[in-house]
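Pasted below: upload.cif, mmCIF, C-alpha atoms.
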data_my_file
loop_
_atom_site.label_atom_id
_atom_site.label_comp_id
_atom_site.auth_asym_id
_atom_site.auth_seq_id
_atom_site.Cartn_x
_atom_site.Cartn_y
_atom_site.Cartn_z
CA MET A 1 -14.86 -16.08 18.17
CA LYS A 2 -12.57 -18.95 19.18
CA LYS A 3 -15.27 -21.44 18.26
CA LEU A 4 -15.55 -19.87 14.83
CA LYS A 5 -11.79 -20.10 14.30
CA LYS A 6 -11.71 -23.74 15.34
CA THR A 7 -14.61 -24.48 13.00
CA VAL A 8 -12.78 -22.83 10.11
CA ALA A 9 -9.64 -24.79 10.91
CA ALA A 10 -11.52 -28.08 11.01
CA LEU A 11 -13.23 -27.34 7.70
CA ALA A 12 -9.90 -26.43 6.09
CA ILE A 13 -8.28 -29.64 7.34
CA LEU A 14 -11.21 -31.73 6.13
CA ALA A 15 -11.07 -29.95 2.79
CA GLY A 16 -7.39 -30.83 2.51
CA LEU A 17 -8.04 -34.50 3.28
CA PHE A 18 -10.91 -34.57 0.78
CA ALA A 19 -8.62 -33.11 -1.86
CA TYR A 20 -6.35 -36.16 -1.71
CA ALA A 21 -9.33 -38.49 -2.00
CA ASN A 22 -10.94 -36.64 -4.90
CA PRO A 23 -8.56 -35.24 -7.56
CA ALA A 24 -11.41 -33.16 -9.03
CA PHE A 25 -10.96 -30.85 -6.03
CA ALA A 26 -7.17 -31.03 -5.97
CA ALA A 27 -6.70 -27.32 -5.25
CA VAL A 28 -8.61 -27.27 -1.93
CA GLY A 29 -6.00 -27.03 0.82
CA ASP A 30 -3.12 -26.46 -1.63
CA GLN A 31 -0.44 -24.01 -0.60
CA GLY A 32 1.26 -21.47 -2.83
CA VAL A 33 3.07 -18.14 -2.94
CA ASP A 34 2.72 -14.64 -4.34
CA TRP A 35 5.46 -12.75 -6.12
CA ALA A 36 6.46 -9.21 -6.95
CA VAL A 37 9.75 -7.75 -8.17
CA TYR A 38 11.49 -8.81 -4.93
CA GLN A 39 11.38 -12.49 -5.96
CA GLY A 40 13.46 -11.87 -9.10
CA ASP A 41 12.89 -12.72 -12.75
CA GLN A 42 12.09 -16.39 -12.12
CA GLY A 43 10.24 -16.08 -8.81
CA LYS A 44 10.82 -18.51 -5.97
CA PHE A 45 8.68 -21.24 -4.44
CA GLY A 46 9.03 -22.10 -0.78
CA TYR A 47 8.57 -25.88 -0.92
CA SER A 48 8.20 -28.68 -3.43
CA HIS A 49 4.52 -29.08 -2.55
CA ASP A 50 3.62 -25.51 -3.57
CA LYS A 51 1.04 -25.57 -6.35
CA PHE A 52 0.37 -21.96 -7.38
CA ALA A 53 1.79 -18.45 -7.62
CA LEU A 54 -0.10 -15.14 -7.70
CA ILE A 55 2.09 -12.72 -9.65
CA GLN A 56 2.05 -8.92 -9.72
CA ILE A 57 1.70 -7.39 -13.18
CA GLY A 58 2.06 -3.82 -11.93
CA GLY A 59 -0.54 -1.32 -10.84
CA TYR A 60 -1.39 2.25 -9.94
CA ASN A 61 0.16 4.12 -7.01
CA ASP A 62 0.91 7.72 -6.05
CA LYS A 63 3.24 8.00 -9.04
CA GLY A 64 0.67 6.68 -11.52
CA LEU A 65 0.65 3.51 -13.63
CA TYR A 66 3.67 1.22 -13.44
CA ASN A 67 4.64 -2.15 -14.91
CA GLN A 68 6.28 -4.91 -12.91
CA HIS A 69 9.10 -5.97 -15.23
CA THR A 70 9.27 -9.44 -13.68
CA TYR A 71 5.65 -10.37 -14.47
CA SER A 72 6.09 -12.22 -17.78
CA SER A 73 9.22 -14.14 -16.78
CA GLN A 74 7.64 -15.14 -13.47
CA VAL A 75 4.51 -16.41 -15.24
CA GLN A 76 6.77 -18.36 -17.60
CA SER A 77 8.73 -19.81 -14.67
CA ALA A 78 5.59 -20.95 -12.82
CA ILE A 79 4.12 -22.57 -15.95
CA ALA A 80 7.46 -24.27 -16.71
CA GLN A 81 7.38 -25.87 -13.26
CA GLY A 82 3.84 -27.16 -13.74
CA LYS A 83 2.35 -24.69 -11.25
CA ARG A 84 -0.83 -22.63 -11.59
CA ALA A 85 0.00 -18.99 -12.37
CA HIS A 86 -2.41 -16.16 -11.51
CA THR A 87 -2.24 -12.35 -11.64
CA TYR A 88 -2.72 -9.45 -9.25
CA VAL A 89 -2.78 -5.67 -9.70
CA TRP A 90 -1.72 -3.03 -7.15
CA PHE A 91 -4.87 -0.89 -6.87
CA ASP A 92 -4.56 2.60 -5.33
CA THR A 93 -7.58 4.60 -6.51
CA TRP A 94 -8.38 7.13 -3.74
CA GLY A 95 -12.05 6.45 -4.41
CA ASP A 96 -11.71 7.74 -7.98
CA LEU A 97 -13.57 5.72 -10.62
CA GLY A 98 -11.50 7.45 -13.32
CA ILE A 99 -8.31 5.96 -11.85
CA ALA A 100 -10.00 2.55 -11.55
CA LYS A 101 -11.02 2.68 -15.21
CA GLN A 102 -7.56 3.83 -16.34
CA THR A 103 -5.94 0.97 -14.42
CA MET A 104 -8.28 -1.70 -15.83
CA ASP A 105 -8.01 -0.31 -19.37
CA TYR A 106 -4.23 -0.52 -19.14
CA PHE A 107 -3.69 -3.91 -17.50
CA LEU A 108 -6.51 -6.18 -18.68
CA PRO A 109 -5.08 -6.43 -22.24
CA LYS A 110 -1.68 -7.34 -20.75
CA ILE A 111 -2.76 -10.38 -18.71
CA GLN A 112 -0.60 -13.41 -19.50
CA THR A 113 -2.37 -16.03 -17.37
CA PRO A 114 -5.22 -18.16 -18.79
CA LYS A 115 -8.85 -17.13 -19.11
CA ALA A 116 -10.75 -17.83 -15.87
CA SER A 117 -7.53 -17.56 -13.85
CA ILE A 118 -7.46 -15.21 -10.87
CA VAL A 119 -6.89 -11.49 -11.36
CA ALA A 120 -6.83 -9.94 -7.88
CA LEU A 121 -6.91 -6.30 -6.83
CA ASP A 122 -4.31 -5.56 -4.14
CA VAL A 123 -5.86 -2.88 -1.92
CA GLU A 124 -3.44 -1.89 0.84
CA ASP A 125 -3.08 1.86 0.38
CA GLY A 126 -4.37 4.75 -1.68
CA VAL A 127 -7.88 5.10 -0.22
CA LEU A 128 -9.99 8.06 0.87
CA ALA A 129 -9.68 8.48 4.64
CA SER A 130 -9.99 11.63 6.74
CA ILE A 131 -10.80 10.62 10.35
CA PRO A 132 -7.69 10.43 12.61
CA ASP A 133 -7.60 7.01 14.25
CA GLY A 134 -5.45 8.06 17.20
CA TYR A 135 -2.51 5.93 16.07
CA GLY A 136 -1.07 8.20 13.40
CA GLY A 137 -3.35 6.90 10.67
CA TYR A 138 -6.80 7.64 9.31
CA THR A 139 -10.16 5.91 9.08
CA SER A 140 -12.63 6.45 6.25
CA THR A 141 -15.98 8.15 6.74
CA ALA A 142 -19.08 6.24 5.60
CA ALA A 143 -19.09 8.20 2.34
CA GLU A 144 -15.37 7.62 1.81
CA LYS A 145 -15.74 3.88 2.49
CA GLN A 146 -18.48 3.70 -0.10
CA ALA A 147 -16.39 5.58 -2.67
CA ASN A 148 -13.42 3.27 -2.03
CA THR A 149 -15.70 0.23 -2.32
CA GLU A 150 -17.21 1.41 -5.60
CA THR A 151 -13.78 1.55 -7.24
CA VAL A 152 -13.04 -2.01 -6.07
CA LEU A 153 -16.38 -3.28 -7.33
CA TYR A 154 -15.81 -1.51 -10.65
CA GLY A 155 -12.43 -3.18 -11.07
CA MET A 156 -13.76 -6.61 -10.13
CA ARG A 157 -16.67 -6.28 -12.56
CA ARG A 158 -14.23 -5.41 -15.34
CA ILE A 159 -12.13 -8.46 -14.46
CA ARG A 160 -15.22 -10.71 -14.48
CA ASP A 161 -16.46 -9.27 -17.77
CA ALA A 162 -13.03 -9.89 -19.33
CA GLY A 163 -13.36 -13.60 -18.50
CA TYR A 164 -11.17 -13.86 -15.38
CA THR A 165 -11.86 -14.66 -11.72
CA PRO A 166 -11.85 -11.45 -9.63
CA MET A 167 -10.48 -11.42 -6.08
CA TYR A 168 -9.95 -8.73 -3.45
CA TYR A 169 -6.66 -8.78 -1.48
CA SER A 170 -6.00 -6.95 1.77
CA GLY A 171 -5.73 -7.40 5.53
CA LYS A 172 -8.71 -7.44 7.87
CA PRO A 173 -7.92 -4.23 9.86
CA PHE A 174 -7.34 -2.17 6.70
CA THR A 175 -10.50 -3.56 5.13
CA LEU A 176 -12.70 -2.78 8.13
CA LYS A 177 -11.41 0.81 8.23
CA HIS A 178 -11.77 1.63 4.54
CA ILE A 179 -13.92 -0.87 2.59
CA ASN A 180 -17.49 -2.18 2.77
CA TYR A 181 -16.33 -5.77 2.43
CA ASP A 182 -19.83 -7.23 2.77
CA GLN A 183 -20.78 -5.59 -0.53
CA ILE A 184 -17.81 -7.20 -2.26
CA VAL A 185 -18.49 -10.77 -1.14
CA ALA A 186 -22.24 -10.35 -1.71
CA GLU A 187 -21.59 -9.69 -5.39
CA PHE A 188 -18.49 -11.89 -5.66
CA PRO A 189 -18.87 -14.80 -3.21
CA GLY A 190 -15.61 -16.40 -2.07
CA SER A 191 -13.52 -13.60 -3.58
CA GLY A 192 -11.63 -12.60 -0.45
CA TRP A 193 -7.86 -13.11 -0.36
CA ILE A 194 -7.13 -11.99 3.18
CA ALA A 195 -3.83 -11.74 5.06
CA ALA A 196 -3.31 -12.39 8.78
CA TYR A 197 0.01 -13.41 10.36
CA PRO A 198 0.59 -14.79 13.87
CA ASN A 199 4.15 -13.38 13.93
CA TYR A 200 7.21 -13.10 11.71
CA ASP A 201 8.73 -16.48 12.50
CA VAL A 202 9.19 -18.94 9.63
CA THR A 203 5.71 -20.43 9.13
CA PRO A 204 5.58 -23.32 6.61
CA ALA A 205 1.88 -24.15 7.25
CA PRO A 206 -1.17 -22.06 8.18
CA ASN A 207 -2.00 -21.41 11.82
CA TYR A 208 -5.81 -21.31 11.85
CA ASN A 209 -5.87 -19.86 15.35
CA PHE A 210 -5.08 -16.57 13.60
CA PHE A 211 -7.61 -16.98 10.80
CA PRO A 212 -9.28 -13.61 9.99
CA SER A 213 -12.94 -14.24 10.88
CA MET A 214 -14.56 -12.76 7.78
CA ASP A 215 -17.03 -14.16 5.27
CA GLY A 216 -16.16 -15.12 1.73
CA ILE A 217 -12.45 -15.94 2.08
CA GLY A 218 -11.15 -18.05 -0.79
CA ILE A 219 -7.42 -17.67 -0.08
CA PHE A 220 -5.80 -17.16 3.32
CA GLN A 221 -2.36 -15.50 3.26
CA PHE A 222 -1.05 -16.87 6.52
CA THR A 223 2.52 -15.53 6.61
CA SER A 224 5.05 -13.21 5.02
CA THR A 225 7.86 -15.46 6.28
CA TYR A 226 6.99 -18.74 4.58
CA ILE A 227 10.72 -19.44 4.41
CA SER A 228 13.76 -17.84 6.00
CA GLY A 229 14.45 -14.52 4.31
CA GLY A 230 10.81 -13.75 3.61
CA LEU A 231 8.16 -15.04 1.19
CA ASP A 232 4.37 -14.85 1.36
CA GLY A 233 2.61 -18.16 2.03
CA ASN A 234 -1.01 -18.79 1.02
CA VAL A 235 -3.53 -21.61 1.33
CA ASP A 236 -6.45 -22.20 -1.05
CA LEU A 237 -9.58 -22.87 1.02
CA THR A 238 -12.11 -23.41 -1.77
CA GLY A 239 -10.33 -24.62 -4.89
CA ILE A 240 -10.35 -21.17 -6.47
CA THR A 241 -6.73 -21.49 -7.68
CA ASP A 242 -7.89 -24.28 -9.99
CA ASN A 243 -9.73 -21.65 -12.04
CA GLY A 244 -8.20 -21.42 -15.50
CA TYR A 245 -6.45 -24.78 -15.11
CA LYS A 246 -9.28 -27.29 -14.85
CA GLY A 247 -8.87 -28.65 -18.39
CA ARG A 248 -5.84 -30.16 -20.10
CA ASN A 249 -5.52 -27.08 -22.33
CA PRO A 250 -6.54 -23.92 -20.44
CA SER A 251 -7.94 -21.23 -22.73
CA LYS A 252 -5.55 -18.37 -23.29
CA PRO A 253 -6.39 -14.65 -23.16
CA ASN A 254 -7.29 -12.93 -26.41
CA THR A 255 -3.97 -11.12 -26.31
CA GLU A 256 -0.63 -12.74 -27.14
CA THR A 257 0.72 -14.93 -24.33
CA PRO A 258 4.45 -15.40 -24.84
CA ALA A 259 4.90 -16.13 -21.13
CA ILE A 260 2.56 -19.13 -21.21
CA ASP A 261 3.98 -20.35 -24.52
CA ALA A 262 7.59 -20.05 -23.32
CA GLY A 263 6.71 -21.73 -20.04
CA LYS A 264 5.18 -24.70 -21.84
CA GLU A 265 8.24 -24.99 -24.09
CA ALA A 266 10.56 -24.95 -21.08
CA ASP A 267 8.46 -27.60 -19.37
CA LYS A 268 9.12 -29.94 -22.32
CA VAL A 269 12.89 -29.83 -21.84
CA LYS A 270 13.72 -32.84 -19.69
CA GLY A 271 16.80 -34.80 -18.64
CA ASN A 272 19.86 -34.55 -20.85
CA ALA A 273 18.12 -32.21 -23.31
CA LYS A 274 19.15 -29.27 -21.13
CA GLU A 275 21.81 -27.12 -22.80
CA VAL A 276 24.22 -24.26 -22.10
CA GLY A 277 22.38 -20.94 -21.83
CA MET A 278 19.15 -22.35 -20.42
CA THR A 279 17.86 -21.13 -17.06
CA VAL A 280 17.13 -23.91 -14.57
CA LYS A 281 15.99 -24.34 -10.99
CA VAL A 282 17.71 -26.66 -8.52
CA ASN A 283 15.08 -29.18 -7.41
CA PHE A 284 13.99 -29.23 -3.77
CA SER A 285 14.57 -33.00 -3.81
CA SER A 286 18.20 -32.71 -4.91
CA GLN A 287 20.65 -33.96 -2.27
CA ASN A 288 24.25 -33.70 -3.52
CA TYR A 289 26.35 -31.83 -6.04
CA ALA A 290 27.95 -33.95 -8.75
CA THR A 291 31.17 -33.72 -6.72
CA GLY A 292 29.47 -35.34 -3.71
CA GLU A 293 29.02 -32.42 -1.30
CA ALA A 294 25.57 -31.82 0.18
CA ILE A 295 23.56 -29.08 -1.52
CA PRO A 296 22.70 -26.29 0.97
CA GLN A 297 19.00 -25.58 1.43
CA TRP A 298 19.34 -21.99 0.17
CA VAL A 299 20.46 -23.27 -3.25
CA LYS A 300 17.29 -25.31 -3.78
CA GLY A 301 14.34 -23.77 -5.57
CA THR A 302 16.53 -20.97 -6.90
CA SER A 303 17.26 -20.27 -10.58
CA TYR A 304 20.64 -20.29 -12.32
CA GLN A 305 21.96 -20.32 -15.87
CA ILE A 306 23.83 -23.30 -17.31
CA ILE A 307 27.26 -22.07 -18.38
CA GLU A 308 28.90 -25.42 -19.20
CA LYS A 309 27.82 -29.00 -19.83
CA SER A 310 29.78 -32.26 -19.61
CA GLY A 311 27.93 -35.49 -20.27
CA ASP A 312 24.92 -35.50 -17.98
CA LYS A 313 26.34 -32.82 -15.69
CA VAL A 314 25.85 -29.05 -15.88
CA LEU A 315 27.82 -26.18 -14.34
CA LEU A 316 25.61 -23.46 -12.88
CA ASP A 317 26.54 -19.80 -12.84
CA GLY A 318 26.30 -17.97 -9.54
CA ILE A 319 27.21 -21.00 -7.43
CA MET A 320 29.83 -22.33 -9.87
CA SER A 321 28.93 -25.92 -9.03
CA TRP A 322 28.26 -29.06 -11.07
CA LEU A 323 24.94 -30.89 -10.78
CA SER A 324 23.32 -33.80 -12.56
CA VAL A 325 20.89 -32.72 -15.29
CA TYR A 326 18.27 -34.72 -13.40
CA ASP A 327 18.64 -32.52 -10.33
CA VAL A 328 17.59 -29.33 -12.13
CA GLU A 329 14.36 -28.26 -13.84
CA THR A 330 14.19 -26.02 -16.92
CA LEU A 331 12.58 -22.60 -16.44
CA ASN A 332 13.68 -20.95 -19.70
CA ALA A 333 14.54 -23.04 -22.74
CA SER A 334 16.29 -20.21 -24.57
CA THR A 335 19.99 -20.84 -25.26
CA ALA A 336 20.64 -17.43 -26.81
CA THR A 337 24.02 -16.04 -25.85
CA SER A 338 24.28 -12.59 -24.31
CA VAL A 339 25.08 -9.60 -26.52
CA THR A 340 28.62 -8.33 -26.10
CA ASN A 341 28.96 -4.56 -25.87
CA ASP A 342 32.22 -2.78 -25.25
CA SER A 343 30.68 0.52 -24.17
CA GLN A 344 31.02 1.54 -20.54
CA THR A 345 27.58 3.14 -20.27
CA HIS A 346 24.11 2.60 -21.66
CA ILE A 347 21.62 5.37 -22.40
CA VAL A 348 18.08 4.23 -21.62
CA GLN A 349 15.72 4.33 -24.60
CA TYR A 350 11.95 4.83 -24.40
CA GLY A 351 10.19 1.58 -23.47
CA GLU A 352 13.27 -0.17 -22.05
CA ASN A 353 13.31 -1.79 -18.63
CA LEU A 354 16.20 -2.84 -16.43
CA SER A 355 15.61 -6.55 -17.01
CA GLY A 356 15.86 -6.17 -20.81
CA ILE A 357 18.97 -4.00 -20.58
CA ALA A 358 20.62 -6.49 -18.24
CA ALA A 359 19.92 -9.35 -20.67
CA ASN A 360 21.66 -7.43 -23.48
CA TYR A 361 24.80 -7.07 -21.39
CA GLY A 362 24.92 -10.61 -20.04
CA THR A 363 24.10 -9.72 -16.45
CA THR A 364 21.04 -9.43 -14.19
CA TRP A 365 18.81 -6.49 -13.32
CA GLN A 366 19.88 -6.92 -9.68
CA GLU A 367 23.52 -6.42 -10.65
CA LEU A 368 22.75 -3.29 -12.70
CA ALA A 369 20.66 -1.93 -9.83
CA ARG A 370 23.58 -2.55 -7.49
CA ILE A 371 26.30 -0.85 -9.52
CA ASN A 372 24.02 2.11 -10.33
CA THR A 373 22.68 2.34 -6.75
CA LEU A 374 19.08 2.26 -7.98
CA SER A 375 16.73 2.29 -5.00
CA ASN A 376 13.77 1.28 -7.21
CA PRO A 377 14.64 -0.81 -10.29
CA ASP A 378 11.18 -0.14 -11.74
CA ILE A 379 11.94 3.55 -12.08
CA ILE A 380 14.36 4.29 -14.91
CA TYR A 381 13.73 6.96 -17.51
CA SER A 382 14.43 7.66 -21.16
CA GLY A 383 17.82 9.36 -21.53
CA GLN A 384 19.17 8.07 -18.22
CA THR A 385 22.82 6.95 -18.34
CA LEU A 386 23.49 3.60 -16.71
CA ASN A 387 26.92 2.24 -15.88
CA VAL A 388 27.32 -1.20 -17.49
CA SER A 389 30.99 -1.79 -16.70
CA GLY A 390 32.32 -3.56 -13.67
CA TYR A 391 29.34 -5.84 -13.22
CA GLN A 392 29.58 -9.47 -12.24
CA SER A 393 28.13 -11.64 -15.01
CA VAL A 394 26.47 -14.08 -12.65
CA ALA A 395 22.91 -15.02 -11.86
CA THR A 396 21.57 -13.92 -8.51
CA SER A 397 21.36 -17.09 -6.47
CA GLY A 398 18.90 -15.79 -3.91
CA TYR A 399 17.82 -12.94 -1.70
CA CYS A 400 16.72 -12.17 1.81
CA ILE A 401 14.95 -9.30 3.53
CA VAL A 402 16.79 -7.93 6.55
CA GLU A 403 14.82 -8.13 9.78
CA TYR A 404 15.30 -6.06 12.92
CA GLY A 405 18.37 -7.26 14.82
CA ASP A 406 19.95 -9.10 11.87
CA THR A 407 23.69 -8.82 11.26
CA LEU A 408 25.55 -9.44 8.04
CA SER A 409 27.56 -12.26 9.58
CA GLY A 410 24.40 -13.92 10.89
CA ILE A 411 22.71 -13.68 7.49
CA ALA A 412 25.82 -15.09 5.80
CA ALA A 413 25.88 -18.08 8.17
CA GLN A 414 22.16 -18.69 7.71
CA PHE A 415 22.38 -18.83 3.93
CA GLY A 416 25.69 -20.64 3.60
CA THR A 417 27.67 -17.74 2.15
CA THR A 418 30.25 -15.22 3.41
CA VAL A 419 30.16 -11.62 4.60
CA GLU A 420 32.58 -10.73 1.81
CA ARG A 421 30.24 -12.10 -0.85
CA LEU A 422 27.25 -10.23 0.61
CA VAL A 423 29.27 -7.01 0.70
CA SER A 424 30.38 -7.45 -2.91
CA ALA A 425 26.99 -8.54 -4.27
CA ASN A 426 25.15 -5.64 -2.65
CA GLY A 427 27.70 -2.83 -2.90
CA ILE A 428 27.79 -2.40 0.88
CA SER A 429 30.36 0.18 1.97
CA ASN A 430 29.99 -0.54 5.70
CA PRO A 431 29.01 -4.11 6.67
CA ASN A 432 27.88 -2.86 10.07
CA LEU A 433 25.22 -0.63 8.51
CA ILE A 434 22.29 -2.69 7.27
CA TYR A 435 18.68 -1.91 8.08
CA ALA A 436 15.37 -3.71 8.59
CA GLY A 437 13.51 -4.11 5.30
CA GLN A 438 16.67 -3.97 3.16
CA VAL A 439 16.78 -6.54 0.35
CA LEU A 440 20.11 -8.38 0.10
CA ASN A 441 21.16 -10.58 -2.82
CA PHE A 442 23.46 -13.51 -2.10
#

Turn this file's structure into structure tokens for me.
Amino acid sequence: MKKLKKTVAALAILAGLFAYANPAFAAVGDQGVDWAVYQGDQGKFGYSHDKFALIQIGGYNDKGLYNQHTYSSQVQSAIAQGKRAHTYVWFDTWGDLGIAKQTMDYFLPKIQTPKASIVALDVEDGVLASIPDGYGGYTSTAAEKQANTETVLYGMRRIRDAGYTPMYYSGKPFTLKHINYDQIVAEFPGSGWIAAYPNYDVTPAPNYNFFPSMDGIGIFQFTSTYISGGLDGNVDLTGITDNGYKGRNPSKPNTETPAIDAGKEADKVKGNAKEVGMTVKVNFSSQNYATGEAIPQWVKGTSYQIIEKSGDKVLLDGIMSWLSVYDVETLNASTATSVTNDSQTHIVQYGENLSGIAANYGTTWQELARINTLSNPDIIYSGQTLNVSGYQSVATSGYCIVEYGDTLSGIAAQFGTTVERLVSANGISNPNLIYAGQVLNF
């Protein structure tokens, strides 16, 4: 087993070296991230060398179909930064082909990434399993494993037939208990996107000593703590993340693709062409504010809105600091001003989401979630009354996920902010009561 792991590591390293020598295989050995709602409207890369993002569009869970309201804006943000954007779908089916069909029927027409790009099925839960495993969980019988596998194969065939690159995401232990993985990679070679973490320390590069020894792995998710605060880190082992981006003009899906179009428009806005209202990211390479102070690491790679411009300097909301226009990159070229509304509440209309409502009131979905104590910002309903007074009209400058043993003062020191700001931004009534897994904005 150790010999196999060392062989995989050596091949991955050689692949990475070959990538630099031969641009035609530039994606082999590239690192990237995957995003869901927790990474905010613009997503967040870990490092300047990241090349791709796999972005959740939504999926099917125990409550049925759901949309991830951050999908389009995250695709736009990745494209605007010159990264390769791909898609994944949360895929709970309980071995039911009817659910698999409903999920594919719903999401395939909504894909915003290019034809041939990756559309992965995220299989971490929602399977048939009836044998107690002795640890509080369940293992699937042979018949249940086959039923679970058939729904995955059905979804991947639909993805392939729609012109995209299908992948299967999960961890090795879950897969061995519930899925006939050999059937998947036999029909779809190299389609495995498999997670295995050595620990929960910050891990900026893959540790191949913990490589999951399985066939057909195209992407290795090597950590959930790519950076401090939490972010999934992935490495492309085969060049599969080049799919959909091999030509100068990747073919677009048959549906409308406003995310790709907006991302390309934002990518064109360079230098002093940046204007008030645009959303920008602080470059990883930026060193100092316009006033001379060093830029903290937590500011870099994070998105903000330009609220004022003077010459070649811009003032960013959220951090209220001036930067050179050459130290920020445009993510959203729109300069539309927020709609002013004097009402104190908003009644949710059919089809609205929290992100769209927040935009109409000049705030963020995180801020509305905070003041309305929404535990799940994806779940709002027609007729619901939301409080839209008393919010802070600032962009969220970042987030972290609380780990066991963390304190608010320790988190504040780590991210260059204050306990008072964390308390205010997250509506915390008792700063001594935070819990592992809690998402904090800062």

Q | Residues matched by the PyMOL selection byres ((chain A and resi 102-108) around 12) as JSON, numbers by chain | A | {"A": [56, 57, 58, 59, 60, 61, 64, 65, 66, 67, 68, 71, 87, 88, 89, 90, 91, 92, 93, 96, 97, 98, 99, 100, 101, 109, 110, 111, 112, 113, 115, 118, 119, 120, 121, 151, 152, 153, 154, 155, 156, 157, 158, 159, 160, 161, 162, 163, 164, 166, 253, 254, 255]}

Q: Any chance you could resolve the PyMOL selection byres ((chain A and resi 203) around 12) against this file and give the residues as a PyMOL selection string?
A: chain A and resi 46-47+197-202+204-208+221-234

Requested write-out: C-alpha atoms of the selected residues, as a CSV table (one decimal), in the frame of the given file:
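Output saved as again23.csv:
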chain,number,residue,atom,x,y,z
A,46,GLY,CA,9.0,-22.1,-0.8
A,47,TYR,CA,8.6,-25.9,-0.9
A,197,TYR,CA,0.0,-13.4,10.4
A,198,PRO,CA,0.6,-14.8,13.9
A,199,ASN,CA,4.2,-13.4,13.9
A,200,TYR,CA,7.2,-13.1,11.7
A,201,ASP,CA,8.7,-16.5,12.5
A,202,VAL,CA,9.2,-18.9,9.6
A,204,PRO,CA,5.6,-23.3,6.6
A,205,ALA,CA,1.9,-24.2,7.2
A,206,PRO,CA,-1.2,-22.1,8.2
A,207,ASN,CA,-2.0,-21.4,11.8
A,208,TYR,CA,-5.8,-21.3,11.8
A,221,GLN,CA,-2.4,-15.5,3.3
A,222,PHE,CA,-1.0,-16.9,6.5
A,223,THR,CA,2.5,-15.5,6.6
A,224,SER,CA,5.0,-13.2,5.0
A,225,THR,CA,7.9,-15.5,6.3
A,226,TYR,CA,7.0,-18.7,4.6
A,227,ILE,CA,10.7,-19.4,4.4
A,228,SER,CA,13.8,-17.8,6.0
A,229,GLY,CA,14.4,-14.5,4.3
A,230,GLY,CA,10.8,-13.8,3.6
A,231,LEU,CA,8.2,-15.0,1.2
A,232,ASP,CA,4.4,-14.8,1.4
A,233,GLY,CA,2.6,-18.2,2.0
A,234,ASN,CA,-1.0,-18.8,1.0

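What the PyMOL selection byres ((chain A and resi 242) around 9) picks from this file is Phe25, Ala26, Ala27, Val28, Phe52, Arg84, Ser117, Gly239, Ile240, Thr241, Asn243, Gly244, Tyr245 and Lys246 of chain A.
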
Q: For CA of Asn353 (chain A) and CA of Ile379 (chain A), determine how far apart the two atoms are, in Å to one decimal place.
A: 8.6 Å

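Relative to CA of Val282 (chain A), CA of Met320 (chain A) is found at 12.9 Å.
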
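Between CA of Ala412 (chain A) and CA of Gly318 (chain A) the separation is 15.6 Å.
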
Q. Which residue gives the smallest distance to Ser303 (chain A) among A:Glu329, A:Asp406, A:Asp236, A:Glu275, with only C-alpha atoms counted?
A. A:Glu329

Q. Any idea what's packed within 12 Å of Leu433 (chain A), counting only C-alpha atoms, ignoring anything in its chain fewer than 4 positions away? Could you give it as a ChimeraX atom specification?
A. /A:402,405-409,423,427-429,438

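Ranking A:Tyr168, A:Leu331, A:Ala358, A:Ile184 by their shortest atom-to-atom distance to Gln76 (chain A), with only C-alpha atoms included, puts A:Leu331 first.
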
Q: Return the single residue from A:Gly137, A:Gly356, A:Pro431, A:Gly43 that is closest to His178 (chain A), with distances computed using only C-alpha atoms.
A: A:Gly137

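With all atoms listed in the file taken into account, the protein and nucleic acid residues at most 8 Å from Ser324 (chain A) (excluding it and anything under 6 positions from it in its own chain) are Tyr289, Ala290, Asp312, Lys313 and Val314 of chain A.
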
Would you put the residues from that selection into a file with C-alpha atoms, as a compact mmCIF listing (two decimals), in the coordinates of the input?
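Just written: selection-v7.txt:
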# COMPACT_ATOMS: atom_id res chain seq x y z
CA TYR A 289 26.35 -31.83 -6.04
CA ALA A 290 27.95 -33.95 -8.75
CA ASP A 312 24.92 -35.50 -17.98
CA LYS A 313 26.34 -32.82 -15.69
CA VAL A 314 25.85 -29.05 -15.88

Please provide as a short mmCIF file (atom, residue, chain, number, x, y, z; two decimals) with C-alpha atoms, keeping the file's coordinate frame all residues within 12 Å of Leu323 (chain A), with the sequence filter that same-chain residues fewer than 4 positions apart are discarded (counting only C-alpha atoms).
data_model
loop_
_atom_site.label_atom_id
_atom_site.label_comp_id
_atom_site.auth_asym_id
_atom_site.auth_seq_id
_atom_site.Cartn_x
_atom_site.Cartn_y
_atom_site.Cartn_z
CA GLY A 271 16.80 -34.80 -18.64
CA ASN A 272 19.86 -34.55 -20.85
CA LYS A 274 19.15 -29.27 -21.13
CA VAL A 280 17.13 -23.91 -14.57
CA LYS A 281 15.99 -24.34 -10.99
CA VAL A 282 17.71 -26.66 -8.52
CA ASN A 283 15.08 -29.18 -7.41
CA SER A 286 18.20 -32.71 -4.91
CA GLN A 287 20.65 -33.96 -2.27
CA ASN A 288 24.25 -33.70 -3.52
CA TYR A 289 26.35 -31.83 -6.04
CA ALA A 290 27.95 -33.95 -8.75
CA THR A 291 31.17 -33.72 -6.72
CA GLY A 292 29.47 -35.34 -3.71
CA GLU A 293 29.02 -32.42 -1.30
CA ALA A 294 25.57 -31.82 0.18
CA ILE A 295 23.56 -29.08 -1.52
CA VAL A 299 20.46 -23.27 -3.25
CA LYS A 300 17.29 -25.31 -3.78
CA TYR A 304 20.64 -20.29 -12.32
CA ILE A 306 23.83 -23.30 -17.31
CA ILE A 307 27.26 -22.07 -18.38
CA GLU A 308 28.90 -25.42 -19.20
CA LYS A 309 27.82 -29.00 -19.83
CA SER A 310 29.78 -32.26 -19.61
CA GLY A 311 27.93 -35.49 -20.27
CA ASP A 312 24.92 -35.50 -17.98
CA LYS A 313 26.34 -32.82 -15.69
CA VAL A 314 25.85 -29.05 -15.88
CA LEU A 315 27.82 -26.18 -14.34
CA LEU A 316 25.61 -23.46 -12.88
CA ASP A 317 26.54 -19.80 -12.84
CA ILE A 319 27.21 -21.00 -7.43
CA ASP A 327 18.64 -32.52 -10.33
CA VAL A 328 17.59 -29.33 -12.13
CA GLU A 329 14.36 -28.26 -13.84
#
